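J.: The structure file data21.cif (mmCIF, C-alpha atoms) is provided below.
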```cif
data_protein
#
loop_
_atom_site.label_atom_id
_atom_site.label_comp_id
_atom_site.auth_asym_id
_atom_site.auth_seq_id
_atom_site.Cartn_x
_atom_site.Cartn_y
_atom_site.Cartn_z
CA MET A 166 18.96 -6.87 18.43
CA HIS A 167 22.32 -5.18 17.90
CA LEU A 168 21.33 -1.65 16.87
CA THR A 169 19.09 0.66 18.91
CA PRO A 170 15.50 1.01 17.61
CA VAL A 171 16.24 4.49 16.23
CA GLU A 172 19.38 3.24 14.47
CA THR A 173 17.38 0.34 13.06
CA LEU A 174 14.71 2.73 11.78
CA ILE A 175 17.30 4.98 10.13
CA THR A 176 18.91 1.94 8.50
CA ILE A 177 15.50 0.81 7.19
CA LEU A 178 14.82 4.28 5.76
CA ALA A 179 18.25 4.33 4.09
CA LEU A 180 17.56 0.94 2.51
CA ALA A 181 14.13 2.13 1.36
CA ALA A 182 15.62 5.29 -0.17
CA GLY A 183 18.14 3.20 -2.13
CA VAL A 184 15.47 0.86 -3.49
CA GLN A 185 13.16 3.73 -4.45
CA LEU A 186 15.97 5.61 -6.21
CA THR A 187 16.57 2.59 -8.46
CA ARG A 188 12.84 2.27 -9.17
CA TRP A 189 12.22 5.96 -9.99
CA LEU A 190 15.40 6.94 -11.84
CA PRO A 191 14.40 5.72 -15.36
CA PHE A 192 11.02 7.43 -15.04
CA TRP A 193 12.70 10.69 -14.00
CA LEU A 194 15.23 10.48 -16.86
CA PHE A 195 12.56 9.75 -19.47
CA PRO A 196 9.36 11.51 -18.35
CA GLU A 197 5.95 10.52 -19.69
CA SER A 198 5.69 13.61 -21.86
CA LYS A 199 8.72 12.67 -23.97
CA GLN A 200 9.18 9.72 -26.34
CA PRO A 201 12.26 7.74 -25.16
CA PRO A 202 15.07 7.21 -27.71
CA VAL A 203 14.86 4.14 -29.97
CA ILE A 204 17.83 2.60 -28.20
CA VAL A 205 15.96 2.72 -24.87
CA THR A 206 12.90 1.12 -26.42
CA TYR A 207 15.14 -1.66 -27.80
CA LEU A 208 16.69 -2.26 -24.37
CA GLY A 209 13.22 -2.40 -22.88
CA ARG A 210 12.46 -5.34 -25.14
CA VAL A 211 15.62 -7.42 -24.61
CA LEU A 212 16.43 -6.64 -20.98
CA PRO A 213 13.76 -8.79 -19.26
CA ALA A 214 15.26 -12.12 -20.39
CA ALA A 215 18.82 -10.93 -19.71
CA MET A 216 17.86 -9.84 -16.20
CA MET A 217 16.37 -13.24 -15.38
CA GLY A 218 19.75 -14.74 -16.36
CA LEU A 219 21.49 -12.25 -14.08
CA LEU A 220 19.19 -13.09 -11.17
CA VAL A 221 19.82 -16.84 -11.50
CA VAL A 222 23.61 -16.42 -11.45
CA TYR A 223 23.34 -13.81 -8.69
CA CYS A 224 21.64 -16.37 -6.45
CA LEU A 225 24.55 -18.76 -6.96
CA LYS A 226 27.27 -16.21 -6.26
CA SER A 227 28.25 -17.62 -2.86
CA VAL A 228 28.70 -21.21 -4.01
CA ALA A 229 32.26 -22.53 -3.46
CA TRP A 230 32.74 -24.36 -6.76
CA LEU A 231 36.33 -25.43 -6.05
CA ALA A 232 35.69 -26.94 -2.62
CA ALA A 233 33.59 -30.04 -1.91
CA PRO A 234 30.71 -30.54 -2.63
CA HIS A 235 31.43 -28.25 -5.63
CA GLY A 236 27.96 -26.72 -5.70
CA ALA A 237 26.29 -30.12 -6.03
CA PRO A 238 23.30 -29.27 -3.76
CA GLU A 239 22.61 -26.08 -5.74
CA LEU A 240 23.00 -27.76 -9.14
CA LEU A 241 20.81 -30.71 -8.13
CA GLY A 242 18.21 -28.33 -6.66
CA ILE A 243 18.14 -26.36 -9.92
CA ALA A 244 17.98 -29.57 -11.95
CA ALA A 245 14.94 -30.59 -9.90
CA VAL A 246 13.29 -27.21 -10.58
CA VAL A 247 13.97 -27.51 -14.32
CA VAL A 248 12.72 -31.11 -14.57
CA LEU A 249 9.61 -30.42 -12.46
CA HIS A 250 8.82 -27.28 -14.44
CA LYS A 251 9.27 -29.01 -17.81
CA TRP A 252 7.11 -31.88 -16.59
CA LYS A 253 4.22 -30.22 -14.75
CA ASP A 254 4.61 -26.53 -15.67
CA ASN A 255 3.39 -25.58 -12.20
CA VAL A 256 5.35 -22.68 -10.66
CA LEU A 257 4.55 -23.57 -7.06
CA LEU A 258 5.40 -27.24 -7.48
CA SER A 259 8.70 -26.46 -9.21
CA ILE A 260 9.80 -24.03 -6.51
CA ALA A 261 8.63 -26.16 -3.58
CA GLY A 262 10.12 -29.36 -5.02
CA GLY A 263 13.51 -27.84 -5.80
CA THR A 264 13.74 -26.10 -2.43
CA ALA A 265 12.71 -29.24 -0.52
CA LEU A 266 15.35 -31.30 -2.34
CA TYR A 267 18.00 -28.65 -1.67
CA MET A 268 17.16 -28.50 2.05
CA LEU A 269 17.29 -32.28 2.24
CA LEU A 270 20.63 -32.44 0.41
CA ILE A 271 22.41 -29.91 2.64
CA ARG A 272 21.09 -31.57 5.81
CA VAL A 273 21.38 -35.25 4.99
CA VAL A 274 23.69 -35.88 2.02
CA PHE A 275 26.29 -33.09 1.87
CA VAL A 276 26.65 -32.36 5.58
CA MET B 229 -6.48 -9.60 1.99
CA GLU B 230 -9.84 -11.30 2.58
CA GLN B 231 -11.57 -7.98 2.34
CA ILE B 232 -9.88 -7.29 -0.98
CA GLU B 233 -10.88 -10.68 -2.38
CA HIS B 234 -14.40 -10.13 -1.13
CA MET B 235 -14.63 -6.86 -3.02
CA GLY B 236 -13.42 -8.78 -6.05
CA ARG B 237 -16.32 -11.17 -5.96
CA ARG B 238 -18.76 -8.30 -5.73
CA GLY B 239 -17.60 -7.01 -9.04
CA ASN B 240 -14.18 -5.62 -9.69
CA PRO B 241 -13.23 -6.98 -13.11
CA ALA B 242 -9.64 -5.72 -12.87
CA LEU B 243 -9.09 -7.53 -9.56
CA ARG B 244 -10.79 -10.65 -10.86
CA ALA B 245 -8.41 -10.65 -13.82
CA ALA B 246 -5.32 -9.78 -11.78
CA PHE B 247 -5.71 -12.24 -8.90
CA PRO B 248 -5.20 -15.51 -10.84
CA ALA B 249 -2.13 -14.03 -12.51
CA THR B 250 -0.59 -13.33 -9.11
CA ILE B 251 -1.11 -16.80 -7.61
CA PRO B 252 2.44 -17.96 -8.42
CA VAL B 253 3.80 -14.79 -6.83
CA MET B 254 1.49 -15.29 -3.85
CA THR B 255 2.94 -18.72 -3.17
CA GLY B 256 6.49 -17.50 -3.71
CA TYR B 257 6.07 -14.36 -1.60
CA LEU B 258 4.24 -16.06 1.25
CA CYS B 259 7.00 -18.65 1.37
CA LEU B 260 9.91 -16.23 0.98
CA GLY B 261 8.22 -13.62 3.15
CA MET B 262 7.76 -16.19 5.90
CA ALA B 263 11.38 -17.30 5.53
CA TYR B 264 12.32 -13.64 5.87
CA GLY B 265 10.15 -13.15 8.96
CA LEU B 266 11.68 -16.30 10.48
CA LEU B 267 15.23 -15.08 9.77
CA MET B 268 14.42 -11.69 11.29
CA ALA B 269 12.96 -13.40 14.36
CA ALA B 270 16.03 -15.64 14.64
CA ASN B 271 18.13 -12.44 14.74
CA GLY B 272 16.02 -10.83 17.45
CA TYR B 273 13.65 -8.76 15.28
CA GLY B 274 9.96 -9.44 15.88
CA PRO B 275 7.07 -9.45 13.38
CA LEU B 276 6.52 -5.68 13.59
CA TRP B 277 10.08 -4.98 12.47
CA ALA B 278 9.68 -7.51 9.67
CA LEU B 279 6.42 -5.82 8.63
CA LEU B 280 7.91 -2.33 8.73
CA MET B 281 10.86 -3.49 6.63
CA SER B 282 8.56 -5.20 4.13
CA LEU B 283 6.22 -2.21 3.79
CA LEU B 284 8.94 0.44 3.46
CA VAL B 285 11.76 -1.36 1.67
CA PHE B 286 9.77 -4.03 -0.23
CA GLY B 287 12.68 -5.70 -1.96
CA GLY B 288 13.41 -9.40 -1.47
CA SER B 289 17.16 -9.70 -1.78
CA ILE B 290 18.01 -6.37 -0.10
CA GLN B 291 15.86 -7.30 2.90
CA TYR B 292 17.84 -10.51 3.31
CA VAL B 293 21.10 -8.57 2.95
CA ALA B 294 19.74 -6.07 5.48
CA ILE B 295 19.66 -8.73 8.20
CA THR B 296 23.45 -8.82 8.00
CA LEU B 297 23.57 -5.02 8.12
CA LEU B 298 21.26 -4.85 11.15
CA THR B 299 23.35 -7.35 13.08
CA THR B 300 26.73 -5.68 12.52
CA ALA B 301 27.32 -1.94 13.01
CA PHE B 302 25.20 1.19 12.47
CA ALA B 303 26.18 2.39 8.97
CA PRO B 304 23.26 4.10 7.18
CA VAL B 305 25.33 5.47 4.27
CA GLN B 306 26.74 2.01 3.60
CA ALA B 307 23.17 0.65 3.78
CA LEU B 308 22.01 3.21 1.20
CA LEU B 309 24.87 2.40 -1.19
CA ILE B 310 24.43 -1.36 -0.83
CA SER B 311 20.70 -0.94 -1.39
CA ILE B 312 21.31 0.99 -4.63
CA MET B 313 23.81 -1.58 -5.87
CA VAL B 314 21.78 -4.65 -4.94
CA ASN B 315 18.70 -3.15 -6.60
CA ALA B 316 20.45 -1.55 -9.58
CA ARG B 317 18.64 -4.01 -11.87
CA HIS B 318 15.39 -2.15 -11.07
CA MET B 319 16.68 0.65 -13.29
CA PHE B 320 16.57 -1.79 -16.20
CA TYR B 321 13.03 -2.77 -15.25
CA GLY B 322 11.99 0.87 -15.28
CA LEU B 323 13.63 1.37 -18.69
CA SER B 324 11.63 -1.46 -20.20
CA LEU B 325 8.36 -0.26 -18.65
CA LEU B 326 8.55 3.36 -19.84
CA GLU B 327 6.11 2.59 -22.66
CA LYS B 328 3.81 0.35 -20.67
CA TYR B 329 3.50 2.69 -17.69
CA ARG B 330 2.68 5.69 -19.87
CA GLY B 331 -0.69 7.31 -19.11
CA MET B 332 -1.29 5.35 -15.91
CA GLY B 333 -2.51 8.47 -14.12
CA LYS B 334 -3.04 8.33 -10.38
CA VAL B 335 -1.82 4.76 -9.88
CA ARG B 336 1.52 5.36 -11.65
CA PRO B 337 3.46 6.40 -8.51
CA PHE B 338 2.36 3.24 -6.71
CA LEU B 339 3.23 1.05 -9.71
CA ILE B 340 6.76 2.48 -9.67
CA PHE B 341 7.04 2.35 -5.86
CA ALA B 342 6.12 -1.34 -5.73
CA LEU B 343 8.07 -2.62 -8.75
CA THR B 344 9.80 -5.87 -7.70
CA ASP B 345 11.42 -8.63 -9.77
CA GLU B 346 8.26 -10.71 -9.66
CA THR B 347 5.77 -7.90 -10.26
CA TYR B 348 7.98 -6.80 -13.13
CA SER B 349 7.97 -10.30 -14.61
CA LEU B 350 4.15 -10.27 -14.55
CA VAL B 351 3.47 -6.77 -15.85
CA SER B 352 6.15 -7.07 -18.55
CA THR B 353 4.57 -10.32 -19.80
CA LEU B 354 0.81 -9.85 -19.32
CA GLU B 355 -1.85 -7.74 -20.99
CA PRO B 356 -5.25 -7.26 -19.37
CA PRO B 357 -8.26 -9.15 -20.79
CA ALA B 358 -10.83 -7.25 -22.85
CA GLY B 359 -12.94 -4.83 -20.80
CA VAL B 360 -10.29 -4.29 -18.13
CA GLU B 361 -8.33 -1.05 -17.95
CA ARG B 362 -4.57 -1.58 -18.16
CA LYS B 363 -3.91 0.73 -15.24
CA ASP B 364 -6.37 -1.10 -12.98
CA PHE B 365 -4.97 -4.49 -13.99
CA TYR B 366 -1.36 -3.53 -13.26
CA PHE B 367 -2.41 -1.71 -10.09
CA TRP B 368 -4.07 -4.81 -8.65
CA ILE B 369 -1.14 -7.05 -9.60
CA SER B 370 1.22 -4.65 -7.84
CA LEU B 371 -0.99 -4.21 -4.77
CA LEU B 372 -1.68 -7.93 -4.33
CA ASP B 373 2.04 -8.76 -4.60
CA TYR B 374 2.84 -6.02 -2.07
CA GLY B 375 0.22 -7.48 0.29
CA TYR B 376 1.46 -11.08 -0.05
CA TRP B 377 4.98 -10.06 0.89
CA ALA B 378 3.81 -8.07 3.93
CA VAL B 379 1.47 -10.84 5.13
CA GLY B 380 4.17 -13.48 4.60
CA SER B 381 6.80 -11.61 6.60
CA VAL B 382 4.40 -11.03 9.52
CA LEU B 383 3.36 -14.70 9.53
CA GLY B 384 7.00 -15.78 9.51
CA GLY B 385 7.79 -13.32 12.29
CA VAL B 386 4.93 -14.56 14.45
CA ILE B 387 5.81 -18.21 13.88
CA GLY B 388 9.50 -17.46 14.47
CA SER B 389 8.74 -15.73 17.78
CA VAL B 390 6.71 -18.69 19.02
CA LEU B 391 8.81 -21.62 17.92
CA THR B 392 12.36 -22.09 16.78
CA PHE B 393 12.70 -23.47 13.31
CA ASP B 394 15.85 -24.34 11.42
CA SER B 395 15.26 -22.51 8.15
CA THR B 396 18.70 -23.26 6.68
CA GLY B 397 18.33 -23.66 2.94
CA LEU B 398 14.81 -22.24 2.74
CA ASP B 399 16.17 -19.20 0.92
CA PHE B 400 16.88 -21.52 -2.02
CA ALA B 401 13.24 -20.79 -2.93
CA LEU B 402 14.51 -17.45 -4.28
CA THR B 403 16.93 -19.23 -6.63
CA ALA B 404 14.18 -21.65 -7.66
CA LEU B 405 11.81 -18.76 -8.38
CA PHE B 406 14.27 -17.09 -10.75
CA VAL B 407 15.09 -20.36 -12.48
CA VAL B 408 11.36 -20.77 -13.13
CA LEU B 409 11.01 -17.18 -14.39
CA PHE B 410 14.04 -17.72 -16.62
CA MET B 411 12.37 -20.80 -18.09
CA GLU B 412 9.17 -18.80 -18.62
CA GLN B 413 11.17 -16.25 -20.65
CA TRP B 414 12.85 -19.16 -22.49
CA LYS B 415 9.46 -20.33 -23.76
CA HIS B 416 9.56 -17.43 -26.24
CA ALA B 417 12.36 -18.24 -28.68
CA GLU B 418 13.10 -14.56 -29.38
CA ASN B 419 14.09 -14.07 -25.72
CA ARG B 420 16.70 -16.84 -25.71
CA PRO B 421 19.77 -14.93 -26.98
CA ALA B 422 19.22 -12.21 -24.36
CA GLY B 423 18.70 -14.86 -21.66
CA VAL B 424 22.01 -16.52 -22.52
CA ILE B 425 23.71 -13.11 -22.61
CA GLY B 426 22.41 -12.45 -19.08
CA LEU B 427 23.71 -15.80 -17.76
CA VAL B 428 27.12 -15.60 -19.45
CA CYS B 429 27.83 -11.92 -18.66
CA THR B 430 26.92 -12.41 -15.01
CA GLY B 431 28.98 -15.62 -14.85
CA VAL B 432 32.01 -13.81 -16.31
CA SER B 433 31.48 -10.92 -13.91
CA LEU B 434 31.31 -13.34 -10.97
CA ALA B 435 34.55 -15.03 -12.04
CA VAL B 436 36.38 -11.72 -12.54
CA PHE B 437 35.00 -9.47 -9.79
CA GLY B 438 33.96 -11.98 -7.15
CA ALA B 439 30.72 -12.57 -5.27
CA ASP B 440 30.59 -9.21 -3.48
CA ASN B 441 31.00 -6.91 -6.49
CA LEU B 442 29.42 -8.70 -9.39
CA VAL B 443 26.13 -6.90 -10.03
CA ILE B 444 27.32 -3.55 -11.42
CA PRO B 445 30.02 -5.02 -13.74
CA ALA B 446 27.50 -7.64 -14.88
CA MET B 447 24.95 -4.93 -15.74
CA VAL B 448 27.56 -2.92 -17.66
CA LEU B 449 28.66 -6.05 -19.55
CA ILE B 450 25.05 -7.01 -20.36
CA LEU B 451 24.42 -3.48 -21.60
CA ILE B 452 27.53 -3.51 -23.83
CA VAL B 453 26.70 -6.91 -25.36
CA LEU B 454 23.01 -6.08 -25.88
CA LEU B 455 23.89 -2.76 -27.53
CA GLY B 456 26.73 -4.28 -29.57
CA GLY B 457 24.54 -7.11 -30.79
CA ARG B 458 21.59 -4.87 -31.47
CA LYS B 459 21.47 -5.54 -35.21
CA LYS B 460 21.46 -9.30 -34.67
CA LEU B 461 19.02 -9.24 -31.75
CA CYS B 462 16.57 -6.79 -33.27
CA ILE B 463 13.69 -9.02 -34.20
#
```
How would this structure read if it were set down as structure tokens?
T.:
Amino acid sequence: MHLTPVETLITILALAAGVQLTRWLPFWLFPESKQPPVIVTYLGRVLPAAMMGLLVVYCLKSVAWLAAPHGAPELLGIAAVVVLHKWKDNVLLSIAGGTALYMLLIRVVFV
Amino acid sequence: MEQIEHMGRRGNPALRAAFPATIPVMTGYLCLGMAYGLLMAANGYGPLWALLMSLLVFGGSIQYVAITLLTTAFAPVQALLISIMVNARHMFYGLSLLEKYRGMGKVRPFLIFALTDETYSLVSTLEPPAGVERKDFYFWISLLDYGYWAVGSVLGGVIGSVLTFDSTGLDFALTALFVVLFMEQWKHAENRPAGVIGLVCTGVSLAVFGADNLVIPAMVLILIVLLGGRKKLCI
């Protein structure tokens, strides 16, 4: 442990405050009593898919594409998830299979 | 958790409807929560710290980022700002749930408090079966997910305190989870343009702004493209 317990607690509370601000802000801006503008309703419909795209790329942000192994473990892991999910359509299996392959690749193949 | 499931069998239709829907999240959260508890333990933070973090912060990626923050210097303002930036996407979740979370009464504050990526993906996709109140259905989904994450992080913390385990690469489960959720969105053809917009805008943002600063520019870019292409995307 590098911080004191009190410092750790303050850090945790700061993190919690940040998360909660992002969760509450839209509901404060557009309270229940008022109908949100059409544009906001439109965004509500198209944002979910766009955000899933953002989350996928976000998870790959630290991959060094220009240096060996050029993101091969990540790409193969994702390929395994996609193939498993297309094949069996089982969320657990897809996640477990892709993660297991990735862990194997970074330990055994691309060391 | 057992107690909750027990109550369900005795006759809580909302819980009975919500539980099966949360099974994928349960597996994901137990796994990722355990990985988190293990990482915390590996950095000198026992299961109680992991639990406290999971109950108060309850946000997957920021809790992983927080391990780095906890092991460097005491900087609460920096922690707050990073937390806002890492979780900025939650604002978009809130925007798209304004309609759905209308008239939720007493459970509404908890629904907003506990809104994660995965809970969002469930509540934004699912409607309760006939005879089940929407607010009860979404409440149980949110509460169960919250519980899985807390239980997972404690389990990981306990295991990590007892034995050492090389968890390198286990966090890939997070990537895998989002790839699966992306594919679930992809199943509905009308979601595909927005999905591609999300991937491309974030990719461009990563290339231009780098790994540490990509989220905010990516969100702005996504917003611009979605608003600009509104006429074409409005189905």
J.: Neighbours of Glu327 of chain B within 10 Å (all atoms listed in the file; same-chain residues fewer than 2 positions away dropped), as a ChimeraX atom specification?
T.: /A:197,200-201,206,209 /B:322-325,329-331
J.: Taking the file above as input, evaluate the PyMOL selection byres ((chain B) within 7 of (chain A)) and report the hits as a ChimeraX atom specification.
T.: /B:252,255,271-273,281,284-285,298-300,302,304,307-309,311-312,315-316,318-320,322-326,330,340-341,343,397-398,400-401,403-410,413,419,422-427,430-431,434,439
J.: Please write the residues picked by the PyMOL selection byres ((chain B and resi 332) around 10) on this file as a list in words.
T.: Glu197 of chain A; Lys328, Tyr329, Arg330, Gly331, Gly333, Lys334, Val335, Arg336, Pro337, Leu339, Glu361, Arg362, Lys363, Asp364, Tyr366 and Phe367 of chain B
J.: Filtering to C-alpha atoms, could you give me those residues as a PDB file, in the frame of the given file?
T.:
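The resulting part_33.pdb:
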```
ATOM      1  CA  GLU A 197       5.950  10.520 -19.690  1.00  0.00           C
TER       2      GLU A 197
ATOM      3  CA  LYS B 328       3.810   0.350 -20.670  1.00  0.00           C
ATOM      4  CA  TYR B 329       3.500   2.690 -17.690  1.00  0.00           C
ATOM      5  CA  ARG B 330       2.680   5.690 -19.870  1.00  0.00           C
ATOM      6  CA  GLY B 331      -0.690   7.310 -19.110  1.00  0.00           C
ATOM      7  CA  GLY B 333      -2.510   8.470 -14.120  1.00  0.00           C
ATOM      8  CA  LYS B 334      -3.040   8.330 -10.380  1.00  0.00           C
ATOM      9  CA  VAL B 335      -1.820   4.760  -9.880  1.00  0.00           C
ATOM     10  CA  ARG B 336       1.520   5.360 -11.650  1.00  0.00           C
ATOM     11  CA  PRO B 337       3.460   6.400  -8.510  1.00  0.00           C
ATOM     12  CA  LEU B 339       3.230   1.050  -9.710  1.00  0.00           C
ATOM     13  CA  GLU B 361      -8.330  -1.050 -17.950  1.00  0.00           C
ATOM     14  CA  ARG B 362      -4.570  -1.580 -18.160  1.00  0.00           C
ATOM     15  CA  LYS B 363      -3.910   0.730 -15.240  1.00  0.00           C
ATOM     16  CA  ASP B 364      -6.370  -1.100 -12.980  1.00  0.00           C
ATOM     17  CA  TYR B 366      -1.360  -3.530 -13.260  1.00  0.00           C
ATOM     18  CA  PHE B 367      -2.410  -1.710 -10.090  1.00  0.00           C
TER      19      PHE B 367
END
```
J.: Of the residues B:Leu279, B:Leu354, B:Val314, B:Ile452, which is the one nearest to Pro248 of chain B, using all atoms listed in the file?
T.: B:Leu354
J.: I'd like the residues picked by the PyMOL selection byres ((chain B and resi 371-375) around 8) written out as a list in words, using the chain letters and numbers from the file.
T.: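 Output of the PyMOL selection byres ((chain B and resi 371-375) around 8): Met229, Phe247, Thr250, Val253, Met254, Tyr257, Leu283, Phe286, Ala342, Thr347, Phe367, Trp368, Ile369, Ser370, Tyr376, Trp377, Ala378 and Val379 of chain B.
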J.: Have a look at atom CA of Leu402 of chain B and atom CA of Ala242 of chain B and let me know their distance in Å, one decimal.
T.: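 Going from atom CA of Leu402 of chain B over to atom CA of Ala242 of chain B covers 28.2 Å.
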J.: Separation of atom CA of Leu350 of chain B and atom CA of Tyr292 of chain B, in Å?
T.: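 Distance reported for this atom pair: 22.5 Å.
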